[in-house]
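Trainee: Provided herewith is a single structure, encoded as structure tokens, for subsequent inquiry.
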Amino acid sequence: MKSLKSQARLTGLLYLLVIICAGFSQGYVRANLVIPGDATATAANILENIGLFRLGLASDMIAFILDAVISVMLYQLLKPYSKTLALASSALRLIAHPAIGALNLLNHLMAYYVLSGADFLTTFDNSQLESLSLLFMDAHRYGYLIAGGFFGLHCLLLGILLIKADWIHSFFGWMMIVAAMGYLAETFGDFLYPGNEEVLAWIVGLSAALGEVELTLFLLIKGIRKTTTVNSKLNES
């Protein structure tokens with residue numbers, strides 16, 4: 001049981017690192033450097049803060065690598081309660097960030113690359129290159145939304161599993177379902193009803209804080225709530 005609690009706490013620690021890294025890259029780097037609809041200002045921000053821009057990309061990459069590990073660890077913790085749901089949940093998380101999210105970083109990188117002054121880009125004038133850079137950042141945002149759709153479904157299944165699990169209070173499962181609704185609302189809301197991006201960003205930020213942050217703190221501080229039933233279920237699995 002000490003091993004199980006240690007695994008839960010390690011999952012919480014990795015989750016905390018993901019929240020920090022992803023929050024820094026999305027909530028600080030891109031939020032401060034990318035000016036929606038203003039290609040010139042965005043290009044100037046990127047070129048003047050290229051170190052920060054690259055750090056944002058590296059921070060995202062670290063988060064996505066850790067997410068791959070978290071997917072496996074959550075499966076191990078929750079498979080006693082439904083192997084099928086646990087496998088589906090972990091697969092959706094792997095597709096969302098380690099797959100789609102990591103590939104989407106190419107758009108982040110290309111936003112700088114078109115401004116880098118490479119010889120073959122001299123056929124474009126500055127305004128065209130600035131517009132291309134903003135286009136790549138817009139593509140990155142949409143890629144983030146696509147990944148968010150998969151992640152929202154992951155959170156939904158994860159919430160159901162946490163409600164069924166007896167080593168954690170069902171409250172955390174319900175909060176993950178709230179987080180799932182936030183992610184899904186942002187993804188489908190942005191695609192179906194454009195123009196509400198700011199409101200939807202607030203919704204997903206609040207719902208993720210209620211779900212993911214609370215779950216992370218529980219895993220990190222408490223680990224597991226019960227021991228006997230969990231032990232028997234793990235032995236059965």
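Quick note on naming: the chains in the structure tokens go A, B, ... in the order shown, residues restart at 1 in each chain, and ligands are numbered from 1 in order of appearance.
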List the spatial neighbours of Tyr144 in chain A as JSON, numbers by chain - criterion: any atom at most 8 Å away, only C-alpha atoms, same-chain residues fewer than 3 positions off excluded.
Mentor: {"A": [101, 104, 140, 141, 147, 148]}
Trainee: Against range 123-136 of chain A, which residues of range 22-96 of chain A fall within 8 Å? For each one I want the closest pair of atoms and the distance in Å (one decimal), counting only C-alpha atoms, rows by chain and increasing residue number, as a tab-separated table.
Mentor:
```
residue	atom	partner	partner_atom	distance
A:Val34	CA	A:Leu134	CA	7.9
A:Gly37	CA	A:Leu134	CA	7.9
A:Asp38	CA	A:Leu134	CA	7.8
A:Ala39	CA	A:Ser131	CA	5.3
A:Thr40	CA	A:Glu130	CA	5.9
A:Thr42	CA	A:Leu134	CA	6.9
A:Ala43	CA	A:Glu130	CA	5.7
```
Trainee: Please produce a file of those selected residues containing all heavy atoms, as a PDB file, in the first residue's frame.
Mentor:
```
ATOM      1  N   VAL A  34       1.376  37.116 -28.226  1.00  0.00           N
ATOM      2  CA  VAL A  34       0.478  37.071 -29.385  1.00  0.00           C
ATOM      3  C   VAL A  34      -0.649  38.081 -29.197  1.00  0.00           C
ATOM      4  O   VAL A  34      -1.393  38.031 -28.220  1.00  0.00           O
ATOM      5  CB  VAL A  34      -0.101  35.661 -29.571  1.00  0.00           C
ATOM      6  CG1 VAL A  34      -1.058  35.647 -30.772  1.00  0.00           C
ATOM      7  CG2 VAL A  34       1.013  34.639 -29.769  1.00  0.00           C
ATOM      8  N   GLY A  37      -5.133  39.378 -34.174  1.00  0.00           N
ATOM      9  CA  GLY A  37      -5.490  40.290 -35.254  1.00  0.00           C
ATOM     10  C   GLY A  37      -4.439  41.326 -35.594  1.00  0.00           C
ATOM     11  O   GLY A  37      -4.622  42.092 -36.544  1.00  0.00           O
ATOM     12  N   ASP A  38      -3.330  41.352 -34.842  1.00  0.00           N
ATOM     13  CA  ASP A  38      -2.278  42.356 -35.091  1.00  0.00           C
ATOM     14  C   ASP A  38      -0.975  41.633 -35.423  1.00  0.00           C
ATOM     15  O   ASP A  38      -0.194  41.286 -34.539  1.00  0.00           O
ATOM     16  CB  ASP A  38      -2.097  43.245 -33.867  1.00  0.00           C
ATOM     17  CG  ASP A  38      -1.265  44.497 -34.169  1.00  0.00           C
ATOM     18  OD1 ASP A  38      -0.428  44.432 -35.090  1.00  0.00           O
ATOM     19  OD2 ASP A  38      -1.453  45.514 -33.482  1.00  0.00           O
ATOM     20  N   ALA A  39      -0.752  41.414 -36.714  1.00  0.00           N
ATOM     21  CA  ALA A  39       0.416  40.658 -37.159  1.00  0.00           C
ATOM     22  C   ALA A  39       1.718  41.394 -36.862  1.00  0.00           C
ATOM     23  O   ALA A  39       2.716  40.789 -36.471  1.00  0.00           O
ATOM     24  CB  ALA A  39       0.304  40.367 -38.656  1.00  0.00           C
ATOM     25  N   THR A  40       1.731  42.714 -37.036  1.00  0.00           N
ATOM     26  CA  THR A  40       2.952  43.499 -36.832  1.00  0.00           C
ATOM     27  C   THR A  40       3.381  43.480 -35.375  1.00  0.00           C
ATOM     28  O   THR A  40       4.554  43.251 -35.059  1.00  0.00           O
ATOM     29  CB  THR A  40       2.735  44.946 -37.291  1.00  0.00           C
ATOM     30  OG1 THR A  40       2.395  44.957 -38.681  1.00  0.00           O
ATOM     31  CG2 THR A  40       4.007  45.768 -37.082  1.00  0.00           C
ATOM     32  N   THR A  42       2.522  41.295 -33.055  1.00  0.00           N
ATOM     33  CA  THR A  42       2.877  39.927 -32.671  1.00  0.00           C
ATOM     34  C   THR A  42       4.280  39.585 -33.148  1.00  0.00           C
ATOM     35  O   THR A  42       5.080  39.014 -32.394  1.00  0.00           O
ATOM     36  CB  THR A  42       1.862  38.918 -33.251  1.00  0.00           C
ATOM     37  OG1 THR A  42       0.566  39.194 -32.722  1.00  0.00           O
ATOM     38  CG2 THR A  42       2.254  37.496 -32.902  1.00  0.00           C
ATOM     39  N   ALA A  43       4.590  39.919 -34.388  1.00  0.00           N
ATOM     40  CA  ALA A  43       5.925  39.645 -34.922  1.00  0.00           C
ATOM     41  C   ALA A  43       6.996  40.376 -34.121  1.00  0.00           C
ATOM     42  O   ALA A  43       8.052  39.813 -33.805  1.00  0.00           O
ATOM     43  CB  ALA A  43       5.994  40.050 -36.394  1.00  0.00           C
TER      44      ALA A  43
END
```
Trainee: Residues near Ile203 in chain A, anyone? I mean within 10 Å using only C-alpha atoms, not counting same-chain ones fewer than 2 positions away, as number ranges by chain.
Mentor: A: 179, 181-183, 185-186, 197-201, 205-209
Trainee: Would you save the residues of that selection, restricted to C-alpha atoms, as a PDB file, in the first residue's frame?
Mentor:
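Below is the file that was written, again-v1.pdb:
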```pdb
ATOM      1  CA  ALA A 179     -13.484  20.258 -16.078  1.00  0.00           C
ATOM      2  CA  MET A 181     -17.523  20.221 -19.701  1.00  0.00           C
ATOM      3  CA  GLY A 182     -15.253  23.283 -19.707  1.00  0.00           C
ATOM      4  CA  TYR A 183     -12.804  21.805 -22.220  1.00  0.00           C
ATOM      5  CA  ALA A 185     -17.408  23.884 -24.275  1.00  0.00           C
ATOM      6  CA  GLU A 186     -14.270  25.769 -25.325  1.00  0.00           C
ATOM      7  CA  GLU A 197     -13.157  33.072 -27.252  1.00  0.00           C
ATOM      8  CA  GLU A 198     -12.506  35.247 -24.204  1.00  0.00           C
ATOM      9  CA  VAL A 199     -15.583  34.037 -22.303  1.00  0.00           C
ATOM     10  CA  LEU A 200     -14.875  30.410 -23.182  1.00  0.00           C
ATOM     11  CA  ALA A 201     -11.258  30.794 -22.057  1.00  0.00           C
ATOM     12  CA  GLY A 205      -9.744  28.095 -16.882  1.00  0.00           C
ATOM     13  CA  LEU A 206     -12.163  28.049 -13.958  1.00  0.00           C
ATOM     14  CA  SER A 207     -13.440  24.527 -14.596  1.00  0.00           C
ATOM     15  CA  ALA A 208      -9.896  23.170 -14.990  1.00  0.00           C
ATOM     16  CA  ALA A 209      -8.913  24.798 -11.699  1.00  0.00           C
TER      17      ALA A 209
END
```
Trainee: Smallest atom-to-atom distance to His169 in chain A: which of A:Gly23, A:Arg225, A:Leu184, A:Ala8, using only C-alpha atoms?
Mentor: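 For His169 in chain A, the nearest of the given residues is A:Arg225.
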Trainee: Out of A:Leu158, A:Ala44, A:Ile65, A:Ala96, which residue has the shortest atom-to-atom distance to Leu17 in chain A when counting only C-alpha atoms?
Mentor: A:Ile65
Trainee: Can you tell me which residues surround range 45-58 of chain A at a distance of at most 6 Å, considering only C-alpha atoms, apart from same-chain residues fewer than 6 positions away, and format the answer as number ranges by chain?
Mentor: A: 25, 29, 33
Trainee: Pull N, CA and C atoms from the residues just selected and write them as a compact mmCIF listing (two decimals), in the first residue's frame.
Mentor:
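out17.txt was written with the following content:
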```txt
# COMPACT_ATOMS: atom_id res chain seq x y z
N SER A 25 3.48 28.34 -20.59
CA SER A 25 3.56 28.51 -22.04
C SER A 25 2.30 29.13 -22.63
N VAL A 29 3.43 33.01 -21.83
CA VAL A 29 4.21 33.29 -23.04
C VAL A 29 3.31 33.73 -24.19
N LEU A 33 2.67 37.51 -25.78
CA LEU A 33 3.37 37.80 -27.02
C LEU A 33 2.44 37.88 -28.23
```
Trainee: Return as JSON lines the residues of range 203-226 of chain A lying at most 10 Å from range 162-167 of chain A, together with the closest atom-to-atom pair for each and the distance in Å to one decimal, counting only C-alpha atoms, with rows in chain order and ascending residue number.
Mentor:
```
{"residue": "A:Leu215", "atom": "CA", "partner": "A:Leu162", "partner_atom": "CA", "distance": 9.9}
{"residue": "A:Gly223", "atom": "CA", "partner": "A:Trp167", "partner_atom": "CA", "distance": 8.7}
{"residue": "A:Ile224", "atom": "CA", "partner": "A:Trp167", "partner_atom": "CA", "distance": 5.1}
{"residue": "A:Arg225", "atom": "CA", "partner": "A:Trp167", "partner_atom": "CA", "distance": 4.7}
{"residue": "A:Lys226", "atom": "CA", "partner": "A:Trp167", "partner_atom": "CA", "distance": 4.7}
```
Trainee: Now that the selection is made, can you save its residues with all heavy atoms as a short mmCIF file (atom, residue, chain, number, x, y, z; two decimals), in the first residue's frame?
Mentor:
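Saved to again-v6.cif:
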```cif
data_model
loop_
_atom_site.label_atom_id
_atom_site.label_comp_id
_atom_site.auth_asym_id
_atom_site.auth_seq_id
_atom_site.Cartn_x
_atom_site.Cartn_y
_atom_site.Cartn_z
N LEU A 215 -7.65 17.84 -7.93
CA LEU A 215 -7.21 16.45 -8.01
C LEU A 215 -5.70 16.35 -7.82
O LEU A 215 -5.22 15.46 -7.10
CB LEU A 215 -7.61 15.86 -9.36
CG LEU A 215 -7.10 14.44 -9.65
CD1 LEU A 215 -7.66 13.44 -8.63
CD2 LEU A 215 -7.46 14.01 -11.07
N GLY A 223 -2.48 11.32 -1.48
CA GLY A 223 -2.16 10.07 -2.18
C GLY A 223 -3.40 9.24 -2.40
O GLY A 223 -3.98 9.24 -3.48
N ILE A 224 -3.80 8.48 -1.39
CA ILE A 224 -5.03 7.69 -1.43
C ILE A 224 -5.76 7.85 -0.11
O ILE A 224 -5.16 8.14 0.91
CB ILE A 224 -4.75 6.20 -1.71
CG1 ILE A 224 -3.85 5.61 -0.63
CG2 ILE A 224 -4.17 6.00 -3.10
CD1 ILE A 224 -3.65 4.13 -0.78
N ARG A 225 -7.08 7.62 -0.15
CA ARG A 225 -7.90 7.80 1.05
C ARG A 225 -8.04 6.50 1.81
O ARG A 225 -8.03 6.47 3.04
CB ARG A 225 -9.28 8.32 0.66
CG ARG A 225 -10.16 8.68 1.84
CD ARG A 225 -11.49 9.23 1.40
NE ARG A 225 -12.28 8.23 0.68
CZ ARG A 225 -13.61 8.27 0.59
NH1 ARG A 225 -14.28 9.29 1.13
NH2 ARG A 225 -14.27 7.36 -0.07
N LYS A 226 -8.20 5.37 1.11
CA LYS A 226 -8.38 4.07 1.75
C LYS A 226 -7.29 3.12 1.30
O LYS A 226 -6.57 3.38 0.36
CB LYS A 226 -9.76 3.50 1.39
CG LYS A 226 -10.93 4.29 1.95
CD LYS A 226 -12.23 3.61 1.58
CE LYS A 226 -13.43 4.35 2.15
NZ LYS A 226 -14.71 3.69 1.81
#
```
Trainee: Considering only C-alpha atoms, can you say which of A:Phe218, A:Tyr75, A:Tyr142, A:Phe171 comes closest to Ser90 in chain A?
Mentor: A:Tyr75
Trainee: Identify, on the basis of only C-alpha atoms, every residue whose closest approach to Leu16 in chain A does not exceed 9 Å; exclude the query and any residue fewer than 3 positions from it along the same chain; express the result as a list in words.
Mentor: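 Residues meeting the cut-off are Thr11, Gly12, Leu13, Ile19, Ile20, Cys21, Val213, Thr216, Leu217 and Leu220 of chain A.
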